[in-house]
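Have a look at run.cif below; it lists mmCIF, N, CA and C atoms.
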```cif
data_final
loop_
_atom_site.label_atom_id
_atom_site.label_comp_id
_atom_site.auth_asym_id
_atom_site.auth_seq_id
_atom_site.Cartn_x
_atom_site.Cartn_y
_atom_site.Cartn_z
N MET I 4 119.80 102.03 144.74
CA MET I 4 120.90 102.83 145.23
C MET I 4 122.19 102.03 145.01
N ASN I 5 123.17 102.67 144.36
CA ASN I 5 124.41 101.94 144.14
C ASN I 5 125.36 102.12 145.33
N ARG I 6 126.39 101.32 145.34
CA ARG I 6 127.31 101.27 146.48
C ARG I 6 127.98 102.62 146.74
N ASP I 7 128.43 103.29 145.69
CA ASP I 7 129.10 104.59 145.89
C ASP I 7 128.17 105.63 146.48
N ASP I 8 126.92 105.65 146.01
CA ASP I 8 125.94 106.58 146.57
C ASP I 8 125.69 106.29 148.05
N LEU I 9 125.58 105.02 148.37
CA LEU I 9 125.35 104.64 149.76
C LEU I 9 126.56 104.99 150.63
N LEU I 10 127.76 104.76 150.13
CA LEU I 10 128.96 105.13 150.89
C LEU I 10 128.99 106.63 151.19
N ARG I 11 128.68 107.44 150.18
CA ARG I 11 128.65 108.90 150.40
C ARG I 11 127.57 109.27 151.42
N ARG I 12 126.42 108.63 151.30
CA ARG I 12 125.33 108.90 152.24
C ARG I 12 125.74 108.55 153.67
N ILE I 13 126.42 107.44 153.85
CA ILE I 13 126.87 107.03 155.18
C ILE I 13 127.90 108.01 155.71
N GLN I 14 128.83 108.43 154.86
CA GLN I 14 129.87 109.36 155.31
C GLN I 14 129.29 110.70 155.72
N VAL I 15 128.22 111.13 155.08
CA VAL I 15 127.61 112.42 155.38
C VAL I 15 126.57 112.32 156.49
N ARG I 16 125.78 111.26 156.46
CA ARG I 16 124.64 111.14 157.37
C ARG I 16 124.61 109.81 158.12
N GLY I 17 125.77 109.30 158.48
CA GLY I 17 125.85 107.99 159.12
C GLY I 17 125.00 107.86 160.37
N ARG I 18 125.06 108.86 161.22
CA ARG I 18 124.30 108.81 162.48
C ARG I 18 122.80 108.73 162.21
N GLU I 19 122.34 109.47 161.20
CA GLU I 19 120.92 109.47 160.86
C GLU I 19 120.49 108.10 160.33
N ILE I 20 121.37 107.44 159.58
CA ILE I 20 121.06 106.11 159.06
C ILE I 20 120.90 105.13 160.22
N VAL I 21 121.80 105.21 161.18
CA VAL I 21 121.69 104.33 162.35
C VAL I 21 120.41 104.63 163.11
N ASP I 22 120.12 105.90 163.32
CA ASP I 22 118.90 106.27 164.05
C ASP I 22 117.63 105.77 163.34
N GLU I 23 117.64 105.80 162.02
CA GLU I 23 116.44 105.41 161.26
C GLU I 23 116.31 103.91 161.06
N TYR I 24 117.43 103.22 160.82
CA TYR I 24 117.35 101.82 160.40
C TYR I 24 117.82 100.79 161.43
N LEU I 25 118.35 101.22 162.54
CA LEU I 25 118.83 100.26 163.54
C LEU I 25 117.66 99.38 164.01
N PRO I 26 117.76 98.07 163.80
CA PRO I 26 116.69 97.18 164.26
C PRO I 26 116.52 97.26 165.78
N SER I 27 115.29 97.10 166.21
CA SER I 27 115.00 97.25 167.64
C SER I 27 115.73 96.26 168.52
N ASP I 28 116.08 95.09 167.99
CA ASP I 28 116.77 94.08 168.79
C ASP I 28 118.30 94.13 168.66
N ALA I 29 118.82 95.10 167.91
CA ALA I 29 120.26 95.15 167.65
C ALA I 29 121.08 95.36 168.93
N ASN I 30 120.61 96.21 169.82
CA ASN I 30 121.37 96.46 171.05
C ASN I 30 121.36 95.25 171.98
N VAL I 31 120.28 94.50 171.97
CA VAL I 31 120.21 93.27 172.77
C VAL I 31 121.21 92.26 172.21
N ASP I 32 121.22 92.12 170.88
CA ASP I 32 122.19 91.22 170.24
C ASP I 32 123.62 91.64 170.55
N LEU I 33 123.87 92.93 170.51
CA LEU I 33 125.20 93.45 170.82
C LEU I 33 125.57 93.16 172.28
N ASP I 34 124.65 93.39 173.18
CA ASP I 34 124.90 93.09 174.60
C ASP I 34 125.22 91.61 174.80
N ASN I 35 124.53 90.74 174.07
CA ASN I 35 124.80 89.31 174.18
C ASN I 35 126.20 88.97 173.65
N LEU I 36 126.59 89.59 172.56
CA LEU I 36 127.94 89.36 172.03
C LEU I 36 129.02 89.81 173.01
N ILE I 37 128.81 90.97 173.58
CA ILE I 37 129.80 91.52 174.51
C ILE I 37 129.72 90.81 175.86
N GLY I 38 128.51 90.47 176.29
CA GLY I 38 128.29 89.91 177.62
C GLY I 38 128.95 88.57 177.86
N ASP I 39 129.12 87.78 176.82
CA ASP I 39 129.73 86.47 177.05
C ASP I 39 131.26 86.54 177.08
N HIS I 40 131.82 87.72 176.88
CA HIS I 40 133.26 87.99 176.99
C HIS I 40 134.11 87.14 176.05
N ARG I 41 133.50 86.61 175.02
CA ARG I 41 134.28 85.84 174.05
C ARG I 41 134.51 86.61 172.77
N HIS I 42 133.88 87.77 172.65
CA HIS I 42 133.98 88.53 171.42
C HIS I 42 134.36 89.97 171.71
N GLU I 43 135.30 90.47 170.95
CA GLU I 43 135.63 91.89 171.01
C GLU I 43 134.86 92.56 169.89
N VAL I 44 134.03 93.52 170.24
CA VAL I 44 133.13 94.11 169.26
C VAL I 44 133.25 95.63 169.29
N ASP I 45 133.37 96.23 168.11
CA ASP I 45 133.29 97.68 167.96
C ASP I 45 131.80 98.00 167.87
N ALA I 46 131.24 98.52 168.95
CA ALA I 46 129.80 98.73 169.03
C ALA I 46 129.28 99.66 167.94
N ASP I 47 130.01 100.72 167.64
CA ASP I 47 129.56 101.65 166.60
C ASP I 47 129.56 100.98 165.23
N ALA I 48 130.60 100.21 164.93
CA ALA I 48 130.67 99.51 163.65
C ALA I 48 129.56 98.47 163.55
N TYR I 49 129.28 97.77 164.64
CA TYR I 49 128.20 96.78 164.64
C TYR I 49 126.86 97.45 164.35
N ARG I 50 126.59 98.56 165.04
CA ARG I 50 125.32 99.27 164.83
C ARG I 50 125.20 99.79 163.39
N MET I 51 126.31 100.27 162.83
CA MET I 51 126.29 100.73 161.44
C MET I 51 126.03 99.56 160.50
N PHE I 52 126.71 98.43 160.73
CA PHE I 52 126.51 97.26 159.88
C PHE I 52 125.05 96.81 159.86
N VAL I 53 124.46 96.64 161.04
CA VAL I 53 123.08 96.15 161.07
C VAL I 53 122.11 97.19 160.51
N SER I 54 122.43 98.47 160.64
CA SER I 54 121.59 99.52 160.07
C SER I 54 121.68 99.52 158.54
N VAL I 55 122.89 99.40 158.01
CA VAL I 55 123.07 99.34 156.56
C VAL I 55 122.38 98.09 156.01
N ARG I 56 122.55 96.99 156.70
CA ARG I 56 121.89 95.74 156.28
C ARG I 56 120.38 95.92 156.25
N ALA I 57 119.80 96.57 157.25
CA ALA I 57 118.35 96.81 157.29
C ALA I 57 117.93 97.76 156.17
N LEU I 58 118.71 98.80 155.91
CA LEU I 58 118.41 99.73 154.83
C LEU I 58 118.37 98.99 153.50
N LEU I 59 119.38 98.17 153.25
CA LEU I 59 119.44 97.41 152.01
C LEU I 59 118.27 96.43 151.89
N HIS I 60 117.96 95.78 153.00
CA HIS I 60 116.83 94.84 153.00
C HIS I 60 115.52 95.58 152.72
N ASP I 61 115.35 96.75 153.33
CA ASP I 61 114.14 97.56 153.09
C ASP I 61 114.06 98.03 151.64
N SER I 62 115.22 98.13 150.98
CA SER I 62 115.26 98.56 149.58
C SER I 62 114.99 97.41 148.62
N GLY I 63 114.72 96.22 149.16
CA GLY I 63 114.34 95.09 148.32
C GLY I 63 115.37 94.00 148.15
N MET I 64 116.52 94.14 148.79
CA MET I 64 117.56 93.12 148.68
C MET I 64 117.22 91.95 149.60
N SER I 65 117.53 90.75 149.16
CA SER I 65 117.29 89.58 150.01
C SER I 65 118.22 89.62 151.22
N SER I 66 117.88 88.87 152.25
CA SER I 66 118.68 88.87 153.48
C SER I 66 120.12 88.47 153.23
N CYS I 67 120.32 87.43 152.45
CA CYS I 67 121.67 86.96 152.17
C CYS I 67 122.47 88.03 151.41
N GLU I 68 121.85 88.63 150.41
CA GLU I 68 122.52 89.67 149.64
C GLU I 68 122.80 90.91 150.48
N SER I 69 121.85 91.30 151.32
CA SER I 69 122.05 92.50 152.14
C SER I 69 123.15 92.28 153.17
N ASP I 70 123.27 91.08 153.71
CA ASP I 70 124.37 90.77 154.63
C ASP I 70 125.72 90.93 153.93
N CYS I 71 125.83 90.36 152.76
CA CYS I 71 127.08 90.41 152.00
C CYS I 71 127.41 91.83 151.58
N GLU I 72 126.43 92.54 151.05
CA GLU I 72 126.66 93.92 150.60
C GLU I 72 127.00 94.83 151.77
N ALA I 73 126.32 94.67 152.90
CA ALA I 73 126.64 95.48 154.08
C ALA I 73 128.07 95.23 154.53
N GLY I 74 128.51 93.98 154.48
CA GLY I 74 129.90 93.66 154.82
C GLY I 74 130.88 94.32 153.87
N GLN I 75 130.57 94.31 152.59
CA GLN I 75 131.43 94.97 151.60
C GLN I 75 131.48 96.47 151.84
N ILE I 76 130.37 97.06 152.14
CA ILE I 76 130.32 98.50 152.40
C ILE I 76 131.12 98.84 153.65
N MET I 77 131.00 98.03 154.69
CA MET I 77 131.77 98.29 155.91
C MET I 77 133.27 98.17 155.64
N ALA I 78 133.66 97.20 154.83
CA ALA I 78 135.08 97.05 154.48
C ALA I 78 135.57 98.29 153.73
N LEU I 79 134.77 98.79 152.80
CA LEU I 79 135.14 100.00 152.07
C LEU I 79 135.21 101.22 153.00
N LEU I 80 134.27 101.33 153.91
CA LEU I 80 134.32 102.44 154.88
C LEU I 80 135.58 102.35 155.72
N ASN I 81 135.93 101.17 156.18
CA ASN I 81 137.14 101.02 156.99
C ASN I 81 138.38 101.35 156.18
N GLY I 82 138.38 101.03 154.90
CA GLY I 82 139.51 101.35 154.04
C GLY I 82 139.65 102.84 153.80
N ARG I 83 138.56 103.55 153.77
CA ARG I 83 138.58 104.99 153.53
C ARG I 83 138.94 105.78 154.77
N THR I 84 138.70 105.20 155.95
CA THR I 84 139.01 105.92 157.18
C THR I 84 140.34 105.53 157.76
N ALA I 85 140.98 104.50 157.21
CA ALA I 85 142.27 104.04 157.75
C ALA I 85 143.40 104.94 157.31
#
```

Go ahead and express the file in the form of structure tokens.
Amino acid sequence: MNRDDLLRRIQVRGREIVDEYLPSDANVDLDNLIGDHRHEVDADAYRMFVSVRALLHDSGMSSCESDCEAGQIMALLNGRTA
């Protein structure tokens, strides 16, 4: 799946991607980030990032690559919605 196809898929079915790919421990990690009051976190963006990262990883991308690509995709999404 190329980046443009994934961006379109997220824009059309973002909620479904989060529902399907959100790792089971993502909300615990988010609570820990927010709970220590040292980080300001957009919870929806965090959940989308970890879901996209999991989708990419499930598609065969290495962890390091999926982290980087998910970050690039989130930056592009933020640029398109700004």

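CA of Arg56 (chain I) to CA of Ser69 (chain I) spans 5.3 Å [interatomic distance, one decimal].
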
Long-range neighbours of Val53 (chain I) as a ChimeraX atom specification, 8 Å cut-off, only C-alpha atoms, 6 positions minimum in chain: /I:25-26,29,73

Nearby residues (only C-alpha atoms) at most 12 Å from Arg12 (chain I), same-chain spacing under 6 positions excluded, as number ranges by chain: I: 4-6, 18-21, 55, 58, 76, 80

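With all atoms listed in the file as the atoms that count, the residue of I:Asn30, I:Met51, I:Val15, I:His40 with the shortest distance to Met77 (chain I) is I:Met51.
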
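Straight-line separation from CA of Ser62 (chain I) to atom C of Asp32 (chain I): 23.6 Å.
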
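Interatomic distance, CA of Tyr24 (chain I) to CA of His60 (chain I): 10.2 Å.
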
So which residues touch Asp34 (chain I) within 12 Å, counting only C-alpha atoms, skipping near sequence neighbours fewer than 6 positions away, as a ChimeraX atom specification? /I:28,40-46,49-50

Written record: region 53-72 of chain I, N, CA, C and O atoms, as a compact mmCIF listing (two decimals), in the first residue's frame:
```txt
# COMPACT_ATOMS: atom_id res chain seq x y z
N VAL I 53 -0.63 5.27 16.51
CA VAL I 53 -0.29 3.89 16.87
C VAL I 53 -1.07 2.88 16.04
O VAL I 53 -0.57 1.79 15.76
N SER I 54 -2.26 3.25 15.59
CA SER I 54 -3.04 2.37 14.72
C SER I 54 -2.41 2.27 13.33
O SER I 54 -2.29 1.18 12.77
N VAL I 55 -1.99 3.41 12.78
CA VAL I 55 -1.33 3.41 11.48
C VAL I 55 -0.01 2.65 11.57
O VAL I 55 0.32 1.85 10.69
N ARG I 56 0.71 2.87 12.63
CA ARG I 56 1.98 2.15 12.84
C ARG I 56 1.73 0.64 12.88
O ARG I 56 2.45 -0.14 12.25
N ALA I 57 0.68 0.20 13.58
CA ALA I 57 0.35 -1.23 13.65
C ALA I 57 -0.08 -1.77 12.29
O ALA I 57 0.31 -2.87 11.90
N LEU I 58 -0.87 -1.00 11.55
CA LEU I 58 -1.29 -1.41 10.22
C LEU I 58 -0.08 -1.61 9.32
O LEU I 58 0.03 -2.62 8.61
N LEU I 59 0.85 -0.66 9.34
CA LEU I 59 2.05 -0.76 8.52
C LEU I 59 2.91 -1.96 8.94
O LEU I 59 3.44 -2.68 8.10
N HIS I 60 3.02 -2.15 10.24
CA HIS I 60 3.80 -3.28 10.74
C HIS I 60 3.16 -4.61 10.32
O HIS I 60 3.85 -5.53 9.90
N ASP I 61 1.83 -4.68 10.40
CA ASP I 61 1.12 -5.89 9.96
C ASP I 61 1.28 -6.14 8.47
O ASP I 61 1.17 -7.26 8.00
N SER I 62 1.53 -5.06 7.71
CA SER I 62 1.72 -5.18 6.26
C SER I 62 3.14 -5.58 5.90
O SER I 62 3.48 -5.65 4.72
N GLY I 63 3.99 -5.81 6.91
CA GLY I 63 5.33 -6.31 6.66
C GLY I 63 6.46 -5.32 6.85
O GLY I 63 7.62 -5.65 6.65
N MET I 64 6.15 -4.10 7.26
CA MET I 64 7.19 -3.11 7.49
C MET I 64 7.86 -3.36 8.84
O MET I 64 7.20 -3.76 9.80
N SER I 65 9.15 -3.12 8.90
CA SER I 65 9.85 -3.28 10.18
C SER I 65 9.37 -2.22 11.17
O SER I 65 8.80 -1.20 10.77
N SER I 66 9.62 -2.45 12.44
CA SER I 66 9.16 -1.51 13.48
C SER I 66 9.72 -0.12 13.27
O SER I 66 9.00 0.87 13.38
N CYS I 67 11.00 -0.03 12.98
CA CYS I 67 11.63 1.27 12.79
C CYS I 67 11.02 1.99 11.58
O CYS I 67 10.70 3.18 11.66
N GLU I 68 10.85 1.27 10.49
CA GLU I 68 10.26 1.86 9.29
C GLU I 68 8.81 2.27 9.51
O GLU I 68 8.39 3.32 9.05
N SER I 69 8.05 1.43 10.20
CA SER I 69 6.63 1.74 10.42
C SER I 69 6.48 2.96 11.33
O SER I 69 5.57 3.76 11.13
N ASP I 70 7.37 3.12 12.31
CA ASP I 70 7.34 4.32 13.17
C ASP I 70 7.57 5.57 12.33
O ASP I 70 6.82 6.55 12.45
N CYS I 71 8.58 5.53 11.50
CA CYS I 71 8.93 6.69 10.67
C CYS I 71 7.82 6.99 9.66
O CYS I 71 7.41 8.15 9.51
N GLU I 72 7.33 5.97 8.99
CA GLU I 72 6.28 6.17 7.98
C GLU I 72 4.99 6.66 8.63
O GLU I 72 4.31 7.54 8.09
```
